[in-house]
Every structure is written in structure tokens, then in C-alpha cells.
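Q: Let me give you the structure first, and then I'll get to my questions.
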Amino acid sequence: MIDEMTTVLEPRPLSDFVETKYVKDITNRALSYIEAGFPVHLRGPSGTGKTTLAMHLASKIERPVVMIHGDEEFSTSDLVGGEHGYRIRKVVDRFISRVLKTEEDMVKRWVDNRLTVACKYGFTLVYDEFTRSRPEANNILLSILQEKMMDLPVGRGGEEPYLKVDPDFTAIFTSNPEEYAGVHRSQDALRDRMITMDLDHFDYDTELAITLAKAKLSKQDSQIIVNIVRGLRESGKCEFAPTVRGCIMIAKTLKVQKLTPSKSSSAFMQMSQDILASETSRVGSKTNQDRVKEMVRELVAKELGIGKTIDVGKKAAESVAIEKVDSRKEKKESESLAGVSG
């Protein structure tokens with residue numbers, strides 16, 4: 001038997017969730033819109049923390065959570081529900097001992113899906129990457145968000161053709177910008193029913209705090225990583241800008257390998273090039289990857305001071321050599337003068 005409650009999550013505060021001034025500001029704004037009765041839509045590039053922030057908001061609402069991940073193959077029934085298996089009813093009549101009567105009845109069994117469960121019980125719906133589902137699959141949301149009524153399929157049974165949405169029902173949506181691959185353009189009617197908050201890459205303090213929390217590296221090492229990633233992002237020369245995920249990947253790998261950027265500069269250089277070239281290129285163009293790796297090499301060298309020490313040492317060595325040559329010249333000149341005078 002399929003239990004509709006198996007799809008329900010119990011929201012809990014994330015143990016390593018970082019709340020900086022930037023994050024608190026977004027959280028408070030979003031919660032004020034939700035409290036006013038409006039669904040919230042978090043839109044932004046990959047790696048800007050949309051899903052994490054959505055789950056954080058859900059934990060603040062303190063209601064059970066139903067989560068849906070957008071999918072190209074979704075139809076309305078994947079959101080509302082459908083017929084799963086059969087229910088068999090059998091009646092055996094032995095009222096007269098010599099006569100056996102049996103009656104069997106078999107009907108298809110309807111199971112409510114996640115959207116219906118959330119509307120029926122007033123749970124919080126987190127619809128992650130909802131624009132990856134086709135617009136016609138999401139049409140059911142129009143009446144839910146506006147009229148607070150849900151159209152019920154005939155096959156569901158029951159006398160009422162509509163389900164009144166519970167007053168505690170809340171919806172939080174996330175999506176990538178429309179230029180991303182596999183993303184459908186959302187209907188204007190649906191966007192009008194929600195408040196869209198556009199997210200960008202984190203500020204420096206938040207990015208550093210997240211890297212520290214996720215990898216538990218020293219602050220100095222984390223600063224080096226964040227500076228490199230932000231420097232690459234701000235160059236504007238990448239196919240896709242690197243995100244805080246790049247910081248976390250580099251930092252966690254360093255932690256696992258028990259390395260530090262300064263003491264293992266070659267390994268750190270290679271690691272940064274591999275991870276950031278991978279994150280910033282989706283097509284796999286060797287030209288793009290080579291360009292990114294060269295920029296990463298320059299950024300790592302700048303942060304670790306690679307080349308500066310060598311240059312200083314070289315100049316110092318040259319100056320010493322010049323001094324030796326000069327002293328030899330002076331010695332020879334003094335000897336020749338002594339010979340002349342003698």
C-alpha cells in the first residue's frame with residue numbers, strides 16, 4: 001500500500017547553515033511576503049543557494065514540508081495524484097450453511113500526490129527548479145495560488161469536484177534564469193501570482209563564512225580560496241562564472257588531503273585548475289579550459305606570492321655578483337697602481 005505521508009519531510013534547521021547580514025536580509029524579506037499570504041519565488045544562477053535558502057525558509061515556517069523537483073517528463077497527475085494498483089473487496093455469505101455466496105468487487109486505487117497532500121493538510125510546498133517542468137503541467141497551480149481551490153480529477157472519487165486549500169498551505173519556488181538549458185519559460189499568469197526575488201552571487205563575507213563552515217579550514221586558507229574564485233568570477237572571461245561551490249570543493253579536497261595552499265602550492269595549483277576549469281565550462285572546449293587554467297595559475301601565484309620570492313632572490317644574487325665583480329676590479333686597479341708607484 002502506498003502511504004501519501006511517506007513524501008512528507010520534517011523541517012529542521014541546517015547544522016552548518018550560515019546566517020550573515022546578507023542571508024538574514026533575504027530571509028526576513030521572504031518571510032514577510034509569506035506572512036502576507038504570497039508565494040515566494042527565488043530565482044538566480046546555479047550556486048547562489050536557492051534550494052538551501054528555500055529549505056531554511058521552510059524550517060522557519062515550522063510546518064511539514066513536501067518537496068517537488070521540476071522535471072521535463074512531469075504531467076499534472078505527477079503533481080496531483082493518480083491510480084496506483086487496485087482495491088479488492090470480497091464478501092462471503094454463510095448465513096445458510098448449505099449455501100455459499102461470495103461477492104467480489106475490484107476498483108482502481110487512487111493515491112494523492114505531493115501537491116494534493118500539501119494543499120489538503122496545509123503543508124509547506126518547496127517546488128525546486130519548477131521551470132524545468134512543462135508549463136501545462138504547472139497550470140494546476142494557478143487556481144491553487146489565486147482562488148485557493150484545487151481542481152480534482154474525476155478518477156479520484158468523492159463527491160466534491162474541488163479541494164479547498166488549507167489556510168496554512170505555503171509555496172516556495174526556485175528556478176534558474178530562462179537562458180539555462182532545459183528551462184521552460186514560465187507562464188505570465190503564474191509569475192504574477194508569486195513574488196520573485198532575484199538572487200546573485202554571495203558577498204565576500206558570506207562566501208568566506210560558507211567556505212569556513214563547510215570545510216573547517218583555517219580562515220587564512222579559506223580567504224586564499226575565496227579570493228581566487230572571486231578573482232576568476234570578476235574577470236568576466238569565463239563561460240560560466242564560478243560559484244561558492246568551487247570554493248567548497250577546493251576547500252574540502254584540501255581538508256581531506258591534509259594540505260594547505262602555502263605548503264603544497266603545486267598540488268593546490270593543480271587542484272584549483274581542475275575544479276574551476278570544470279565548473280566554468282559546460283561545453284568542454286579545450287580553448288576555454290586552457291584560458292581558465294591560465295587565469296587560475298596567475299591568481300594562485302598572486303595569492304601565494306609565487307614568483308615574488310624568486311624574483312627578489314634573483315635580484316639579490318645579481319647584486320651580490322655585481323658587488324663581487326666591482327670589488328675584483330677595484331683590487332686589480334689598486335694592484336696596478338701599486339706596481340706603477342713602485
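Each chain in the C-alpha cells gets a letter, A, B, ..., in the order shown, and its residues are numbered from 1; ligands are numbered from 1 in order too.
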Would you list, as a ChimeraX atom specification, the residues of range 42-226 of chain A that end up in strand (DSSP E) under DSSP run on this structure's backbone?
A: /A:42-43,65-69,81-93,101-112,124-128,149-151,162-164,170-175,195-198
Q: Write out as a list of chain:residue names which residues come within 6 Å of range 183-188 of chain A when counting only C-alpha atoms, dropping same-chain ones fewer than 5 positions away.
A: A:Thr131, A:Arg132, A:Glu178
Q: Keeping only all heavy atoms, write the selected residues as a PDB file, in the first residue's frame.
A:
ATOM      1  N   THR A 131      10.611  25.542 -13.215  1.00  0.00           N
ATOM      2  CA  THR A 131      10.559  25.827 -14.658  1.00  0.00           C
ATOM      3  C   THR A 131      11.174  24.708 -15.498  1.00  0.00           C
ATOM      4  O   THR A 131      11.194  24.802 -16.724  1.00  0.00           O
ATOM      5  CB  THR A 131      11.276  27.157 -14.970  1.00  0.00           C
ATOM      6  OG1 THR A 131      12.577  27.152 -14.383  1.00  0.00           O
ATOM      7  CG2 THR A 131      10.487  28.344 -14.432  1.00  0.00           C
ATOM      8  N   ARG A 132      11.667  23.680 -14.874  1.00  0.00           N
ATOM      9  CA  ARG A 132      12.114  22.506 -15.638  1.00  0.00           C
ATOM     10  C   ARG A 132      10.928  21.597 -15.981  1.00  0.00           C
ATOM     11  O   ARG A 132      11.057  20.700 -16.814  1.00  0.00           O
ATOM     12  CB  ARG A 132      13.187  21.725 -14.869  1.00  0.00           C
ATOM     13  CG  ARG A 132      14.482  22.509 -14.728  1.00  0.00           C
ATOM     14  CD  ARG A 132      15.642  21.666 -14.285  1.00  0.00           C
ATOM     15  NE  ARG A 132      16.855  22.464 -14.158  1.00  0.00           N
ATOM     16  CZ  ARG A 132      17.659  22.799 -15.168  1.00  0.00           C
ATOM     17  NH1 ARG A 132      17.384  22.365 -16.386  1.00  0.00           N
ATOM     18  NH2 ARG A 132      18.740  23.518 -14.967  1.00  0.00           N
ATOM     19  N   GLU A 178      16.064  31.943 -17.456  1.00  0.00           N
ATOM     20  CA  GLU A 178      15.499  31.266 -18.622  1.00  0.00           C
ATOM     21  C   GLU A 178      16.533  30.883 -19.669  1.00  0.00           C
ATOM     22  O   GLU A 178      16.270  30.028 -20.513  1.00  0.00           O
ATOM     23  CB  GLU A 178      14.415  32.145 -19.250  1.00  0.00           C
ATOM     24  CG  GLU A 178      13.181  32.282 -18.365  1.00  0.00           C
ATOM     25  CD  GLU A 178      12.134  33.216 -18.943  1.00  0.00           C
ATOM     26  OE1 GLU A 178      12.384  33.793 -20.027  1.00  0.00           O
ATOM     27  OE2 GLU A 178      11.071  33.372 -18.319  1.00  0.00           O
TER      28      GLU A 178
END
Q: If we count only C-alpha atoms and set the cut-off at 7 Å, which residues sit around range 204-218 of chain A, ignoring sequence neighbours fewer than 2 positions away in its own chain? Please answer as a list in words.
A: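 The neighbour list is Asp16, Val18, Thr20, Phe202, Gln220, Asp221, Ser222, Gln223, Val226, Val244, Cys247, Ile248, Ala251, Lys252 and Lys255 of chain A.
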Q: So, with only C-alpha atoms as the atoms that count, which of A:Ala267, A:Leu232, A:Ala54, A:Leu259 lies closest to Glu279 in chain A?
A: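 That would be A:Leu232, the residue with the smallest distance to Glu279 in chain A.
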Q: At what distance in Å, to one decimal, does CA of Ser266 in chain A lie from CA of Lys237 in chain A?
A: 23.9 Å
Q: Give me, please, the distance in Å between CA of Glu129 in chain A and CA of Thr174 in chain A, quoted to one decimal.
A: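 About the pair CA of Glu129 in chain A and CA of Thr174 in chain A: they are 5.1 Å apart.
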Q: Using only C-alpha atoms, pick whichever of A:Met197, A:Arg63, A:Thr6, A:Thr48 has the shortest atom-to-atom distance to Asn113 in chain A.
A: A:Thr6
Q: So, counting only C-alpha atoms, which residue among A:Ile225, A:Val23, A:Val126, A:Leu152 is closest to Ser272 in chain A?
A: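 Closest to Ser272 in chain A of all the choices is A:Ile225.
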Q: At a cut-off of 9 Å, using only C-alpha atoms, what residues contact Leu57 in chain A? Leave out same-chain residues fewer than 3 positions from it and give the result as a PyMOL selection string.
A: chain A and resi 27+30-31+52-54+60-62+172
Q: Please save N, CA, C and O atoms of the selected residues as a PDB file, in the first residue's frame.
A:
ATOM      1  N   THR A  27      16.196  36.399   4.065  1.00  0.00           N
ATOM      2  CA  THR A  27      15.269  35.572   4.847  1.00  0.00           C
ATOM      3  C   THR A  27      14.121  36.401   5.407  1.00  0.00           C
ATOM      4  O   THR A  27      12.945  36.014   5.288  1.00  0.00           O
ATOM      5  N   ALA A  30      11.716  37.538   2.607  1.00  0.00           N
ATOM      6  CA  ALA A  30      10.906  36.427   2.103  1.00  0.00           C
ATOM      7  C   ALA A  30       9.823  36.034   3.106  1.00  0.00           C
ATOM      8  O   ALA A  30       8.664  35.789   2.726  1.00  0.00           O
ATOM      9  N   LEU A  31      10.177  35.972   4.380  1.00  0.00           N
ATOM     10  CA  LEU A  31       9.195  35.596   5.399  1.00  0.00           C
ATOM     11  C   LEU A  31       8.083  36.637   5.533  1.00  0.00           C
ATOM     12  O   LEU A  31       6.932  36.292   5.823  1.00  0.00           O
ATOM     13  N   THR A  52      18.948  25.727  -0.750  1.00  0.00           N
ATOM     14  CA  THR A  52      19.296  25.773   0.669  1.00  0.00           C
ATOM     15  C   THR A  52      18.490  26.852   1.384  1.00  0.00           C
ATOM     16  O   THR A  52      17.979  26.646   2.494  1.00  0.00           O
ATOM     17  N   LEU A  53      18.363  27.997   0.742  1.00  0.00           N
ATOM     18  CA  LEU A  53      17.606  29.098   1.340  1.00  0.00           C
ATOM     19  C   LEU A  53      16.122  28.752   1.427  1.00  0.00           C
ATOM     20  O   LEU A  53      15.452  29.092   2.417  1.00  0.00           O
ATOM     21  N   ALA A  54      15.594  28.057   0.407  1.00  0.00           N
ATOM     22  CA  ALA A  54      14.188  27.639   0.420  1.00  0.00           C
ATOM     23  C   ALA A  54      13.918  26.698   1.595  1.00  0.00           C
ATOM     24  O   ALA A  54      12.905  26.834   2.301  1.00  0.00           O
ATOM     25  N   LYS A  60      11.797  27.805   9.089  1.00  0.00           N
ATOM     26  CA  LYS A  60      11.309  28.940   9.866  1.00  0.00           C
ATOM     27  C   LYS A  60       9.779  28.929   9.970  1.00  0.00           C
ATOM     28  O   LYS A  60       9.208  29.393  10.960  1.00  0.00           O
ATOM     29  N   ILE A  61       9.104  28.409   8.932  1.00  0.00           N
ATOM     30  CA  ILE A  61       7.639  28.348   8.936  1.00  0.00           C
ATOM     31  C   ILE A  61       7.138  27.291   9.919  1.00  0.00           C
ATOM     32  O   ILE A  61       6.031  27.382  10.460  1.00  0.00           O
ATOM     33  N   GLU A  62       7.979  26.261  10.159  1.00  0.00           N
ATOM     34  CA  GLU A  62       7.692  25.225  11.158  1.00  0.00           C
ATOM     35  C   GLU A  62       6.439  24.420  10.836  1.00  0.00           C
ATOM     36  O   GLU A  62       5.626  24.128  11.707  1.00  0.00           O
ATOM     37  N   ILE A 172       6.919  27.749  -1.862  1.00  0.00           N
ATOM     38  CA  ILE A 172       8.213  28.377  -2.124  1.00  0.00           C
ATOM     39  C   ILE A 172       8.756  27.758  -3.411  1.00  0.00           C
ATOM     40  O   ILE A 172       8.883  26.536  -3.507  1.00  0.00           O
TER      41      ILE A 172
END
Q: Taking 6 positions as the minimum chain separation for residues in the same chain, which residues sit within 12 Å of Thr196 in chain A when counting only C-alpha atoms? Answer as JSON, numbers by chain.
A: {"A": [26, 29, 30, 33, 34, 38, 39, 40, 41, 42, 43, 44, 50, 172, 173, 174, 175, 176, 177, 190]}
